[in-house]
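Participant: Enclosed is the structure file structure.txt (compact mmCIF, C-alpha atoms (C1' of nucleotides)).
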```txt
# COMPACT_ATOMS: atom_id res chain seq x y z
CA MET A 1 -8.54 11.91 50.90
CA SER A 2 -9.43 10.39 47.59
CA ILE A 3 -9.24 11.97 44.18
CA PRO A 4 -12.63 12.32 42.50
CA ARG A 5 -12.90 10.20 39.37
CA LYS A 6 -15.27 10.06 36.47
CA PRO A 7 -14.17 7.93 33.54
CA PRO A 8 -15.39 9.21 30.15
CA GLU A 9 -18.40 7.67 28.42
CA PRO A 10 -17.74 4.62 26.20
CA LYS A 11 -19.01 6.68 23.29
CA VAL A 12 -16.23 9.19 23.79
CA ILE A 13 -13.65 6.42 23.93
CA GLU A 14 -14.94 5.05 20.63
CA ARG A 15 -14.77 8.40 18.97
CA PHE A 16 -11.30 9.01 20.32
CA HIS A 17 -10.19 5.63 18.96
CA HIS A 18 -11.57 6.35 15.53
CA LEU A 19 -10.03 9.81 15.45
CA ALA A 20 -6.61 8.50 16.45
CA ILE A 21 -6.70 6.07 13.55
CA ARG A 22 -7.74 8.74 11.10
CA LEU A 23 -5.07 11.08 12.36
CA LEU A 24 -2.25 8.60 11.94
CA ARG A 25 -3.53 7.59 8.54
CA GLY A 26 -3.37 11.22 7.50
CA LEU A 27 0.15 11.59 8.82
CA LYS A 28 1.23 8.59 6.82
CA ARG A 29 0.06 10.43 3.72
CA VAL A 30 2.06 13.48 4.72
CA ASP A 31 5.16 11.32 5.04
CA GLU A 32 4.66 9.52 1.79
CA ALA A 33 4.16 12.76 -0.07
CA HIS A 34 7.53 13.87 1.14
CA GLY A 35 9.56 10.81 0.27
CA PHE A 36 11.02 8.69 3.04
CA SER A 37 8.48 7.34 5.44
CA GLY A 38 7.73 5.33 8.54
CA PRO A 39 10.61 3.35 9.91
CA ARG A 40 13.27 5.59 8.35
CA ALA A 41 11.82 8.77 9.81
CA SER A 42 11.33 7.12 13.15
CA ALA A 43 14.78 5.58 13.41
CA LEU A 44 16.39 8.83 12.33
CA SER A 45 14.59 10.80 14.98
CA VAL A 46 15.94 8.47 17.61
CA LEU A 47 19.44 8.96 16.25
CA VAL A 48 19.04 12.72 16.13
CA PHE A 49 17.36 13.28 19.48
CA ARG A 50 19.08 10.59 21.55
CA GLY A 51 22.39 10.65 19.74
CA PRO A 52 24.35 7.73 18.23
CA GLN A 53 23.08 4.27 19.12
CA SER A 54 24.21 0.69 18.76
CA LEU A 55 22.13 -1.57 16.58
CA GLY A 56 20.61 -3.27 19.58
CA GLU A 57 19.70 0.01 21.22
CA LEU A 58 18.12 1.33 18.06
CA ALA A 59 16.16 -1.87 17.52
CA ALA A 60 14.89 -1.74 21.09
CA ALA A 61 13.99 1.93 20.80
CA GLU A 62 11.95 1.18 17.70
CA GLY A 63 10.43 -1.97 19.11
CA VAL A 64 11.73 -4.24 16.36
CA LYS A 65 14.09 -7.22 16.36
CA ALA A 66 17.76 -6.96 15.50
CA PRO A 67 17.59 -8.43 11.98
CA THR A 68 14.90 -5.97 11.00
CA MET A 69 16.95 -3.04 12.17
CA SER A 70 20.11 -4.46 10.63
CA ARG A 71 18.52 -4.44 7.22
CA LEU A 72 16.99 -0.99 7.68
CA VAL A 73 20.33 0.48 8.73
CA LYS A 74 22.01 -1.06 5.71
CA ALA A 75 19.41 0.47 3.41
CA MET A 76 19.70 3.86 5.08
CA GLN A 77 23.48 3.69 4.78
CA ALA A 78 23.12 3.09 1.07
CA GLU A 79 20.86 6.13 0.88
CA GLY A 80 23.33 8.27 2.79
CA LEU A 81 21.00 8.84 5.72
CA VAL A 82 23.18 7.29 8.40
CA GLU A 83 26.75 6.22 8.96
CA ALA A 84 27.91 3.19 10.93
CA GLU A 85 31.26 2.17 12.32
CA VAL A 86 32.71 -0.29 14.77
CA THR A 87 33.20 1.16 18.23
CA SER A 88 36.61 1.17 19.88
CA HIS A 89 36.17 -0.87 23.06
CA ASP A 90 33.77 -3.58 21.90
CA GLN A 91 34.41 -4.88 18.42
CA ARG A 92 31.02 -6.52 18.28
CA GLN A 93 28.96 -3.37 18.49
CA ILE A 94 28.41 -0.80 15.79
CA ARG A 95 27.81 2.87 16.37
CA ILE A 96 25.10 4.30 14.15
CA VAL A 97 25.01 8.05 13.54
CA ALA A 98 22.62 10.22 11.54
CA SER A 99 24.42 11.86 8.61
CA PRO A 100 23.96 15.60 8.08
CA ARG A 101 21.69 14.80 5.16
CA GLY A 102 19.68 12.31 7.22
CA ARG A 103 19.35 14.84 10.00
CA ARG A 104 18.18 17.53 7.65
CA LEU A 105 15.60 15.36 5.90
CA MET A 106 14.25 14.01 9.17
CA LEU A 107 13.83 17.48 10.64
CA LYS A 108 12.05 18.63 7.51
CA ALA A 109 9.70 15.65 7.53
CA ARG A 110 9.01 16.13 11.21
CA GLU A 111 8.21 19.77 10.62
CA LEU A 112 5.65 18.80 8.00
CA ARG A 113 4.02 16.27 10.31
CA LEU A 114 3.79 18.74 13.15
CA ALA A 115 2.46 21.42 10.84
CA ALA A 116 -0.25 19.02 9.70
CA ILE A 117 -1.27 18.44 13.31
CA ALA A 118 -1.05 22.10 14.19
CA THR A 119 -3.50 22.81 11.37
CA LEU A 120 -6.06 20.64 13.10
CA PHE A 121 -5.84 22.73 16.23
CA GLU A 122 -5.33 26.15 14.76
CA LYS A 123 -8.94 27.17 15.18
CA ALA A 124 -9.00 26.20 18.83
CA THR A 125 -10.56 28.58 21.31
CA PRO A 126 -8.58 29.33 24.46
CA ALA A 127 -10.71 26.83 26.37
CA GLU A 128 -10.06 24.13 23.78
CA ALA A 129 -6.34 24.75 23.83
CA LYS A 130 -6.42 24.33 27.58
CA ALA A 131 -8.42 21.11 27.24
CA LEU A 132 -5.83 19.74 24.83
CA GLU A 133 -3.10 20.42 27.35
CA THR A 134 -5.06 18.62 30.01
CA VAL A 135 -5.61 15.57 27.81
CA VAL A 136 -1.95 15.48 26.82
CA GLU A 137 -0.95 15.49 30.48
CA LEU A 138 -3.40 12.74 31.29
CA LEU A 139 -2.39 10.57 28.36
CA ALA A 140 1.30 10.99 29.05
CA ARG A 141 0.79 9.98 32.66
CA SER A 142 -1.23 6.89 31.72
CA LEU A 143 1.09 5.74 28.95
CA ASP A 144 4.16 6.21 31.08
CA GLU A 145 2.91 4.07 33.88
CA ALA A 146 1.59 1.39 31.54
CA MET B 1 -18.52 38.93 15.94
CA SER B 2 -15.40 36.80 15.81
CA ILE B 3 -14.62 33.68 17.79
CA PRO B 4 -11.63 34.05 20.12
CA ARG B 5 -8.73 31.80 19.11
CA LYS B 6 -5.59 30.63 20.78
CA PRO B 7 -3.74 27.80 19.03
CA PRO B 8 -1.88 25.51 21.42
CA GLU B 9 1.84 25.81 22.00
CA PRO B 10 4.13 23.94 19.59
CA LYS B 11 5.39 21.96 22.55
CA VAL B 12 1.90 20.63 23.19
CA ILE B 13 1.54 19.67 19.53
CA GLU B 14 4.80 17.75 19.71
CA ARG B 15 3.74 15.88 22.77
CA PHE B 16 0.39 15.11 21.28
CA HIS B 17 2.11 13.76 18.17
CA HIS B 18 4.38 11.55 20.18
CA LEU B 19 1.54 10.26 22.33
CA ALA B 20 -0.60 9.42 19.31
CA ILE B 21 2.22 7.31 17.90
CA ARG B 22 2.73 5.51 21.18
CA LEU B 23 -0.97 4.89 21.55
CA LEU B 24 -1.36 3.30 18.13
CA ARG B 25 1.75 1.23 18.63
CA GLY B 26 0.23 -0.10 21.81
CA LEU B 27 -3.03 -0.91 20.09
CA LYS B 28 -1.17 -2.85 17.45
CA ARG B 29 0.20 -5.03 20.24
CA VAL B 30 -3.29 -5.58 21.58
CA ASP B 31 -4.40 -6.72 18.15
CA GLU B 32 -1.48 -9.00 17.59
CA ALA B 33 -1.96 -10.62 20.96
CA HIS B 34 -5.45 -11.53 19.93
CA GLY B 35 -4.76 -13.00 16.52
CA PHE B 36 -5.99 -11.21 13.44
CA SER B 37 -4.76 -7.69 13.11
CA GLY B 38 -4.68 -4.47 11.16
CA PRO B 39 -6.24 -4.69 7.72
CA ARG B 40 -8.48 -7.63 8.60
CA ALA B 41 -9.96 -5.98 11.66
CA SER B 42 -10.38 -2.74 9.81
CA ALA B 43 -12.01 -4.20 6.70
CA LEU B 44 -14.32 -6.30 8.84
CA SER B 45 -15.49 -3.33 10.82
CA VAL B 46 -16.45 -1.59 7.61
CA LEU B 47 -18.42 -4.66 6.55
CA VAL B 48 -20.13 -4.95 9.90
CA PHE B 49 -20.94 -1.30 10.49
CA ARG B 50 -21.69 -0.19 6.95
CA GLY B 51 -23.05 -3.49 5.70
CA PRO B 52 -22.04 -5.48 2.60
CA GLN B 53 -19.75 -3.69 0.16
CA SER B 54 -18.41 -4.22 -3.31
CA LEU B 55 -14.69 -4.70 -3.66
CA GLY B 56 -14.23 -1.20 -4.96
CA GLU B 57 -16.21 0.34 -2.13
CA LEU B 58 -14.29 -1.62 0.48
CA ALA B 59 -10.95 -0.69 -1.08
CA ALA B 60 -11.94 2.97 -1.10
CA ALA B 61 -13.17 2.82 2.49
CA GLU B 62 -9.84 1.39 3.56
CA GLY B 63 -7.79 3.70 1.41
CA VAL B 64 -6.08 0.95 -0.55
CA LYS B 65 -6.07 0.00 -4.23
CA ALA B 66 -8.26 -2.70 -5.68
CA PRO B 67 -5.59 -5.42 -6.07
CA THR B 68 -4.61 -5.08 -2.42
CA MET B 69 -8.19 -5.50 -1.28
CA SER B 70 -8.79 -8.30 -3.74
CA ARG B 71 -6.02 -10.33 -2.17
CA LEU B 72 -7.10 -9.49 1.37
CA VAL B 73 -10.68 -10.55 0.68
CA LYS B 74 -9.50 -13.80 -0.83
CA ALA B 75 -7.41 -14.52 2.26
CA MET B 76 -10.27 -13.64 4.58
CA GLN B 77 -12.59 -15.87 2.59
CA ALA B 78 -10.18 -18.74 3.07
CA GLU B 79 -10.22 -18.02 6.80
CA GLY B 80 -14.00 -17.96 6.90
CA LEU B 81 -14.19 -14.32 7.94
CA VAL B 82 -16.16 -13.05 4.95
CA GLU B 83 -18.28 -14.38 2.12
CA ALA B 84 -18.40 -13.03 -1.42
CA GLU B 85 -20.82 -13.54 -4.25
CA VAL B 86 -21.68 -12.01 -7.59
CA THR B 87 -24.52 -9.51 -7.38
CA SER B 88 -27.64 -9.90 -9.46
CA HIS B 89 -27.77 -6.79 -11.62
CA ASP B 90 -24.10 -6.18 -12.40
CA GLN B 91 -22.17 -9.35 -13.01
CA ARG B 92 -18.85 -7.56 -12.65
CA GLN B 93 -19.29 -6.59 -9.04
CA ILE B 94 -18.98 -8.81 -6.02
CA ARG B 95 -20.87 -8.38 -2.80
CA ILE B 96 -18.69 -8.94 0.25
CA VAL B 97 -20.36 -9.78 3.55
CA ALA B 98 -18.92 -10.44 7.00
CA SER B 99 -19.58 -14.02 8.09
CA PRO B 100 -21.03 -14.62 11.56
CA ARG B 101 -17.60 -15.78 12.66
CA GLY B 102 -15.91 -12.71 11.17
CA ARG B 103 -18.43 -10.47 12.84
CA ARG B 104 -17.94 -12.11 16.19
CA LEU B 105 -14.15 -11.99 16.07
CA MET B 106 -14.12 -8.38 14.93
CA LEU B 107 -16.42 -7.30 17.73
CA LYS B 108 -14.27 -9.10 20.25
CA ALA B 109 -11.06 -7.53 18.95
CA ARG B 110 -12.70 -4.12 18.91
CA GLU B 111 -13.80 -4.58 22.49
CA LEU B 112 -10.25 -5.32 23.54
CA ARG B 113 -8.92 -2.25 21.77
CA LEU B 114 -11.51 0.00 23.35
CA ALA B 115 -10.88 -1.53 26.75
CA ALA B 116 -7.18 -0.79 26.36
CA ILE B 117 -7.96 2.83 25.61
CA ALA B 118 -10.51 3.05 28.39
CA THR B 119 -7.81 1.91 30.80
CA LEU B 120 -5.77 4.96 29.91
CA PHE B 121 -8.58 7.23 30.92
CA GLU B 122 -10.02 5.36 33.85
CA LYS B 123 -8.31 7.52 36.42
CA ALA B 124 -9.57 10.72 34.88
CA THR B 125 -11.01 13.36 37.14
CA PRO B 126 -14.34 14.87 36.11
CA ALA B 127 -12.51 17.89 34.70
CA GLU B 128 -10.22 15.66 32.66
CA ALA B 129 -13.12 13.66 31.28
CA LYS B 130 -14.73 16.90 30.20
CA ALA B 131 -11.46 18.03 28.59
CA LEU B 132 -11.30 14.78 26.63
CA GLU B 133 -14.78 15.37 25.30
CA THR B 134 -13.83 18.85 24.22
CA VAL B 135 -10.72 17.62 22.40
CA VAL B 136 -12.66 14.86 20.68
CA GLU B 137 -15.19 17.41 19.44
CA LEU B 138 -12.47 19.69 18.19
CA LEU B 139 -10.56 16.93 16.45
CA ALA B 140 -13.64 15.51 14.83
CA ARG B 141 -14.57 18.91 13.49
CA SER B 142 -11.08 19.52 12.09
CA LEU B 143 -10.67 16.11 10.53
CA ASP B 144 -14.09 16.22 8.97
CA GLU B 145 -13.52 19.46 7.20
CA ALA B 146 -10.02 18.49 6.06
C1' DG C 1 -27.61 -3.40 -33.56
C1' DG C 2 -22.91 -3.67 -33.27
C1' DA C 3 -18.17 -1.63 -32.57
C1' DT C 4 -15.77 0.67 -29.03
C1' DA C 5 -14.91 2.56 -24.50
C1' DT C 6 -15.35 2.28 -19.64
C1' DT C 7 -15.77 -0.08 -15.47
C1' DT C 8 -14.82 -4.01 -12.14
C1' DG C 9 -12.13 -7.23 -10.47
C1' DT C 10 -8.09 -10.53 -10.95
C1' DT C 11 -3.33 -12.04 -11.72
C1' DA C 12 1.63 -11.39 -11.83
C1' DG C 13 5.48 -9.37 -10.14
C1' DC C 14 8.06 -5.90 -7.27
C1' DA C 15 9.32 -3.35 -2.75
C1' DT C 16 9.10 -2.72 2.19
C1' DT C 17 8.92 -4.30 6.69
C1' DG C 18 8.08 -7.60 10.21
C1' DC C 19 9.60 -12.33 11.97
C1' DT C 20 12.56 -16.82 13.28
C1' DA C 21 16.49 -19.81 12.64
C1' DA C 22 21.13 -20.43 11.83
C1' DC C 23 25.73 -18.48 11.51
C1' DT C 24 30.14 -15.54 12.56
C1' DG C 25 32.95 -13.11 15.36
C1' DT C 26 33.93 -10.97 20.05
C1' DT C 27 33.87 -10.64 24.89
C1' DA C 28 33.27 -12.41 29.52
C1' DG C 29 33.48 -15.98 33.10
C1' DC C 30 34.86 -20.03 35.29
C1' DG D 1 42.39 -21.10 28.07
C1' DC D 2 37.80 -23.27 27.17
C1' DT D 3 33.22 -22.31 27.11
C1' DA D 4 29.16 -19.56 27.44
C1' DA D 5 26.89 -15.47 26.34
C1' DC D 6 26.32 -11.50 23.43
C1' DA D 7 26.08 -8.42 19.00
C1' DG D 8 25.18 -8.40 14.33
C1' DT D 9 24.44 -10.56 9.84
C1' DT D 10 22.39 -13.59 6.44
C1' DA D 11 18.71 -16.46 4.51
C1' DG D 12 14.18 -17.34 3.96
C1' DC D 13 9.09 -16.76 5.10
C1' DA D 14 4.68 -13.92 5.53
C1' DA D 15 1.85 -9.84 5.22
C1' DT D 16 0.69 -5.66 2.95
C1' DG D 17 1.29 -1.93 -0.16
C1' DC D 18 1.96 -0.76 -5.23
C1' DT D 19 1.74 -0.73 -10.75
C1' DA D 20 0.97 -3.00 -15.16
C1' DA D 21 -1.47 -6.02 -17.89
C1' DC D 22 -5.52 -8.72 -18.48
C1' DA D 23 -10.62 -10.76 -18.73
C1' DA D 24 -15.31 -10.05 -18.47
C1' DA D 25 -19.38 -7.24 -18.22
C1' DT D 26 -21.70 -3.06 -19.09
C1' DA D 27 -22.32 1.55 -21.29
C1' DT D 28 -22.00 4.52 -25.06
C1' DC D 29 -22.06 6.13 -29.57
C1' DC D 30 -22.74 6.07 -34.21
```
Mind turning the file's structure into structure tokens?
Facilitator:
Amino acid sequence: MSIPRKPPEPKVIERFHHLAIRLLRGLKRVDEAHGFSGPRASALSVLVFRGPQSLGELAAAEGVKAPTMSRLVKAMQAEGLVEAEVTSHDQRQIRIVASPRGRRLMLKARELRLAAIATLFEKATPAEAKALETVVELLARSLDEA
Amino acid sequence: MSIPRKPPEPKVIERFHHLAIRLLRGLKRVDEAHGFSGPRASALSVLVFRGPQSLGELAAAEGVKAPTMSRLVKAMQAEGLVEAEVTSHDQRQIRIVASPRGRRLMLKARELRLAAIATLFEKATPAEAKALETVVELLARSLDEA
DNA sequence: GGATATTTGTTAGCATTGCTAACTGTTAGC
DNA sequence: GCTAACAGTTAGCAATGCTAACAAATATCC
């Protein structure tokens, strides 16, 4: 028994593409207005939601190479956003932790981003809200298996 | 007569946010795999779809300041992606045009991006395809009025 | 008509963020 | 224990964003 399929029109794909770009561009503005942006916010959310990470883990989570993350961590340390220390059992690794201040700022920034997105959907009808859920499910499935 | 409303759950917003980030990150990879990326592809699509632009217009369309676009145009000229010349009536302005090669490469890159997105939706059921259309409509409406 | 202001683009110089290559120190394996 | 592999750091390059300061052309205002 096969599942019925009906891929969306190319036109819809194009519009979706364009909208995704515009959305992220807008979010970038939200971040910049609030101070620390991009890589800092992203690395901090990993540290807050997944807990302390080694440099390698954090670099992998963010999809960047070790030297890039090394420099970012150093900068964030100087700004009091994270703390780093050598772990007990393996003297090579470092353990990076979000500082209370880093945690607070990240959560605030995240809140603003989510609020900005929520605004876009606030006028949704019940049917549209349901459609959004459906699309989120579909996208999550596709991205996870990719 | 008021329209019934039912904003989506915060959880759905969060997931949508996360998925949008993952999607764009993936597209960046697609671009990088193919050579020229980000600002070049984006500026070229403005030149191809809206036609020749002055430097100021192009900078505004891309949301960057004039010096940034000035440098980008110079680099793209050197790479044979665009051509620039002084306009007839106002000797201050330049008229930037996509070269045939720039046009071709941009269209190819765009095709790859859209194909990557299409892949995500190719297993959609008819109901899911309809839901995507609904969300695209809703998003477009919200972003346009913002 | 000519002095002054505005507009358009460029140049110079700085910050951030990505990379690779080369290095240091630590751990693991033979 | 010697050597190989691993974890991070440092140095240096490229791309992309910015502001400040400038040159040239055009508009504006007596």
Participant: So what do you get for atom CA of A:Ala78 versus atom CA of B:Ile21, distance-wise?
Facilitator: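 Calculated distance between atom CA of A:Ala78 and atom CA of B:Ile21 is 27.2 Å.
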Participant: Give me, as a ChimeraX atom specification, the contact residues of chain C against chain B at a cut-off of 8 Å, counting all atoms listed in the file.
Facilitator: /C:8-10
Participant: Lay chain B over chain A using all C-alpha atoms, matched one to one in order, with a least-squares fit; then write it out as a compact mmCIF listing (two decimals) with C-alpha atoms, keeping the file's coordinate frame.
Facilitator:
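Output saved as selection31.txt:
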```txt
# COMPACT_ATOMS: atom_id res chain seq x y z
CA MET B 1 -8.44 12.05 50.93
CA SER B 2 -9.35 10.50 47.60
CA ILE B 3 -9.22 12.08 44.17
CA PRO B 4 -12.63 12.38 42.49
CA ARG B 5 -12.89 10.22 39.37
CA LYS B 6 -15.24 10.06 36.46
CA PRO B 7 -14.10 7.91 33.53
CA PRO B 8 -15.36 9.16 30.17
CA GLU B 9 -18.33 7.61 28.44
CA PRO B 10 -17.67 4.57 26.23
CA LYS B 11 -18.97 6.59 23.31
CA VAL B 12 -16.22 9.15 23.81
CA ILE B 13 -13.61 6.39 23.95
CA GLU B 14 -14.89 5.00 20.67
CA ARG B 15 -14.73 8.33 18.99
CA PHE B 16 -11.29 8.97 20.33
CA HIS B 17 -10.16 5.59 19.00
CA HIS B 18 -11.54 6.30 15.58
CA LEU B 19 -10.02 9.76 15.46
CA ALA B 20 -6.59 8.48 16.47
CA ILE B 21 -6.67 6.02 13.59
CA ARG B 22 -7.71 8.68 11.13
CA LEU B 23 -5.06 11.05 12.38
CA LEU B 24 -2.22 8.57 11.96
CA ARG B 25 -3.48 7.55 8.56
CA GLY B 26 -3.35 11.17 7.54
CA LEU B 27 0.16 11.57 8.85
CA LYS B 28 1.27 8.58 6.85
CA ARG B 29 0.09 10.41 3.74
CA VAL B 30 2.07 13.47 4.75
CA ASP B 31 5.17 11.32 5.07
CA GLU B 32 4.69 9.54 1.81
CA ALA B 33 4.17 12.79 -0.02
CA HIS B 34 7.54 13.91 1.18
CA GLY B 35 9.58 10.85 0.33
CA PHE B 36 11.02 8.73 3.10
CA SER B 37 8.48 7.41 5.50
CA GLY B 38 7.70 5.38 8.58
CA PRO B 39 10.62 3.37 9.90
CA ARG B 40 13.26 5.63 8.37
CA ALA B 41 11.83 8.81 9.85
CA SER B 42 11.33 7.13 13.17
CA ALA B 43 14.79 5.56 13.42
CA LEU B 44 16.39 8.83 12.36
CA SER B 45 14.60 10.78 15.02
CA VAL B 46 15.95 8.42 17.64
CA LEU B 47 19.46 8.93 16.28
CA VAL B 48 19.07 12.69 16.18
CA PHE B 49 17.38 13.21 19.52
CA ARG B 50 19.09 10.54 21.58
CA GLY B 51 22.40 10.58 19.76
CA PRO B 52 24.35 7.67 18.24
CA GLN B 53 23.08 4.20 19.11
CA SER B 54 24.21 0.64 18.73
CA LEU B 55 22.11 -1.60 16.54
CA GLY B 56 20.60 -3.32 19.52
CA GLU B 57 19.69 -0.06 21.20
CA LEU B 58 18.11 1.31 18.04
CA ALA B 59 16.14 -1.90 17.48
CA ALA B 60 14.87 -1.78 21.05
CA ALA B 61 13.97 1.90 20.78
CA GLU B 62 11.93 1.16 17.69
CA GLY B 63 10.39 -1.99 19.06
CA VAL B 64 11.69 -4.25 16.31
CA LYS B 65 14.05 -7.23 16.28
CA ALA B 66 17.71 -6.97 15.42
CA PRO B 67 17.54 -8.43 11.88
CA THR B 68 14.85 -5.94 10.91
CA MET B 69 16.93 -3.02 12.11
CA SER B 70 20.07 -4.44 10.58
CA ARG B 71 18.47 -4.40 7.15
CA LEU B 72 16.97 -0.95 7.65
CA VAL B 73 20.31 0.51 8.70
CA LYS B 74 22.01 -1.03 5.70
CA ALA B 75 19.41 0.51 3.39
CA MET B 76 19.70 3.89 5.07
CA GLN B 77 23.47 3.72 4.79
CA ALA B 78 23.12 3.14 1.07
CA GLU B 79 20.88 6.20 0.90
CA GLY B 80 23.36 8.31 2.83
CA LEU B 81 21.03 8.88 5.76
CA VAL B 82 23.20 7.30 8.44
CA GLU B 83 26.78 6.22 8.99
CA ALA B 84 27.93 3.18 10.93
CA GLU B 85 31.28 2.17 12.31
CA VAL B 86 32.74 -0.33 14.73
CA THR B 87 33.23 1.10 18.21
CA SER B 88 36.60 1.08 19.88
CA HIS B 89 36.13 -1.00 23.02
CA ASP B 90 33.71 -3.69 21.85
CA GLN B 91 34.40 -4.89 18.36
CA ARG B 92 31.01 -6.57 18.12
CA GLN B 93 28.96 -3.42 18.39
CA ILE B 94 28.41 -0.82 15.73
CA ARG B 95 27.83 2.84 16.36
CA ILE B 96 25.11 4.28 14.15
CA VAL B 97 25.02 8.03 13.59
CA ALA B 98 22.64 10.21 11.58
CA SER B 99 24.45 11.87 8.68
CA PRO B 100 23.99 15.62 8.16
CA ARG B 101 21.73 14.82 5.24
CA GLY B 102 19.70 12.33 7.29
CA ARG B 103 19.37 14.84 10.07
CA ARG B 104 18.22 17.56 7.74
CA LEU B 105 15.64 15.40 5.97
CA MET B 106 14.28 14.04 9.23
CA LEU B 107 13.85 17.50 10.69
CA LYS B 108 12.07 18.65 7.57
CA ALA B 109 9.71 15.66 7.56
CA ARG B 110 9.03 16.14 11.25
CA GLU B 111 8.21 19.77 10.66
CA LEU B 112 5.66 18.82 8.04
CA ARG B 113 4.02 16.29 10.32
CA LEU B 114 3.78 18.76 13.17
CA ALA B 115 2.45 21.43 10.85
CA ALA B 116 -0.26 19.03 9.70
CA ILE B 117 -1.28 18.43 13.29
CA ALA B 118 -1.07 22.10 14.17
CA THR B 119 -3.51 22.79 11.35
CA LEU B 120 -6.07 20.61 13.07
CA PHE B 121 -5.89 22.72 16.17
CA GLU B 122 -5.40 26.14 14.70
CA LYS B 123 -9.01 27.14 15.12
CA ALA B 124 -9.08 26.17 18.76
CA THR B 125 -10.65 28.55 21.22
CA PRO B 126 -8.67 29.31 24.37
CA ALA B 127 -10.81 26.82 26.29
CA GLU B 128 -10.14 24.12 23.70
CA ALA B 129 -6.41 24.75 23.77
CA LYS B 130 -6.50 24.36 27.52
CA ALA B 131 -8.50 21.13 27.17
CA LEU B 132 -5.89 19.76 24.78
CA GLU B 133 -3.17 20.45 27.30
CA THR B 134 -5.12 18.66 29.97
CA VAL B 135 -5.65 15.60 27.77
CA VAL B 136 -2.00 15.51 26.79
CA GLU B 137 -1.01 15.55 30.46
CA LEU B 138 -3.44 12.79 31.27
CA LEU B 139 -2.38 10.61 28.37
CA ALA B 140 1.28 11.07 29.06
CA ARG B 141 0.78 10.08 32.66
CA SER B 142 -1.20 6.96 31.72
CA LEU B 143 1.12 5.81 28.99
CA ASP B 144 4.18 6.34 31.12
CA GLU B 145 2.96 4.19 33.93
CA ALA B 146 1.68 1.47 31.60
```
Participant: Can you write out as a Markdown table which residues of chain B fall within 8 Å of chain A, alongside each residue's closest atom pair and its distance in Å to one decimal, counting all atoms listed in the file and ordering rows by chain and ascending residue number?
Facilitator:
```
| residue | atom | partner | partner_atom | distance |
| --- | --- | --- | --- | --- |
| B:Ile3 | CA | A:Thr125 | CA | 7.4 |
| B:Pro4 | CA | A:Thr125 | CA | 5.7 |
| B:Arg5 | CA | A:Thr125 | CA | 4.3 |
| B:Lys6 | CA | A:Pro126 | CA | 4.9 |
| B:Pro7 | CA | A:Glu122 | CA | 4.8 |
| B:Pro8 | CA | A:Ala129 | CA | 5.1 |
| B:Pro10 | CA | A:Ala118 | CA | 7.7 |
| B:Val12 | CA | A:Glu133 | CA | 6.5 |
| B:Ile13 | CA | A:Ala118 | CA | 6.4 |
| B:Glu14 | CA | A:Leu114 | CA | 6.7 |
| B:Arg15 | CA | A:Val136 | CA | 7.0 |
| B:Phe16 | CA | A:Val136 | CA | 6.0 |
| B:His17 | CA | A:Leu114 | CA | 7.3 |
| B:Leu19 | CA | A:Ala140 | CA | 6.8 |
| B:Ala20 | CA | A:Ala20 | CA | 6.7 |
| B:Ile21 | CA | A:Leu24 | CA | 7.6 |
| B:Arg22 | CA | A:Leu143 | CA | 7.9 |
| B:Leu23 | CA | A:Leu143 | CA | 7.7 |
| B:Leu24 | CA | A:Ile21 | CA | 7.6 |
| B:Leu114 | CA | A:Glu14 | CA | 6.7 |
| B:Ile117 | CA | A:Ile13 | CA | 6.9 |
| B:Ala118 | CA | A:Ile13 | CA | 6.4 |
| B:Leu120 | CA | A:Ser142 | CA | 5.3 |
| B:Phe121 | CA | A:Pro7 | CA | 6.2 |
| B:Glu122 | CA | A:Pro7 | CA | 4.9 |
| B:Lys123 | CA | A:Arg5 | CA | 6.1 |
| B:Ala124 | CA | A:Pro7 | CA | 5.5 |
| B:Thr125 | CA | A:Arg5 | CA | 4.3 |
| B:Pro126 | CA | A:Lys6 | CA | 4.9 |
| B:Glu128 | CA | A:Thr134 | CA | 6.5 |
| B:Ala129 | CA | A:Pro8 | CA | 5.1 |
| B:Lys130 | CA | A:Pro8 | CA | 7.7 |
| B:Ala131 | CA | A:Ala131 | CA | 4.5 |
| B:Leu132 | CA | A:Val135 | CA | 5.9 |
| B:Glu133 | CA | A:Val12 | CA | 6.5 |
| B:Thr134 | CA | A:Glu128 | CA | 6.5 |
| B:Val135 | CA | A:Leu132 | CA | 5.9 |
| B:Val136 | CA | A:Phe16 | CA | 6.0 |
| B:Leu138 | CA | A:Ala124 | CA | 7.4 |
| B:Leu139 | CA | A:Leu120 | CA | 6.7 |
| B:Ala140 | CA | A:Leu19 | CA | 6.8 |
| B:Ser142 | CA | A:Leu120 | CA | 5.2 |
| B:Leu143 | CA | A:Leu120 | CA | 7.0 |
```
Participant: Taking (23.5, 11.2, 10.9) as a centre in this file's frame and 9 Å as the limit, can you find every polymer residue with an atom that close, using all atoms listed in the file, and give them as a JSON list (two decimals) with C-alpha atoms, in the coordinates of the input?
Facilitator:
```json
[["chain", "number", "residue", "atom", "x", "y", "z"],
["A", 44, "LEU", "CA", 16.39, 8.83, 12.33],
["A", 47, "LEU", "CA", 19.44, 8.96, 16.25],
["A", 48, "VAL", "CA", 19.04, 12.72, 16.13],
["A", 51, "GLY", "CA", 22.39, 10.65, 19.74],
["A", 52, "PRO", "CA", 24.35, 7.73, 18.23],
["A", 80, "GLY", "CA", 23.33, 8.27, 2.79],
["A", 81, "LEU", "CA", 21.00, 8.84, 5.72],
["A", 82, "VAL", "CA", 23.18, 7.29, 8.40],
["A", 83, "GLU", "CA", 26.75, 6.22, 8.96],
["A", 96, "ILE", "CA", 25.10, 4.30, 14.15],
["A", 97, "VAL", "CA", 25.01, 8.05, 13.54],
["A", 98, "ALA", "CA", 22.62, 10.22, 11.54],
["A", 99, "SER", "CA", 24.42, 11.86, 8.61],
["A", 100, "PRO", "CA", 23.96, 15.60, 8.08],
["A", 101, "ARG", "CA", 21.69, 14.80, 5.16],
["A", 102, "GLY", "CA", 19.68, 12.31, 7.22],
["A", 103, "ARG", "CA", 19.35, 14.84, 10.00],
["A", 104, "ARG", "CA", 18.18, 17.53, 7.65]]
```
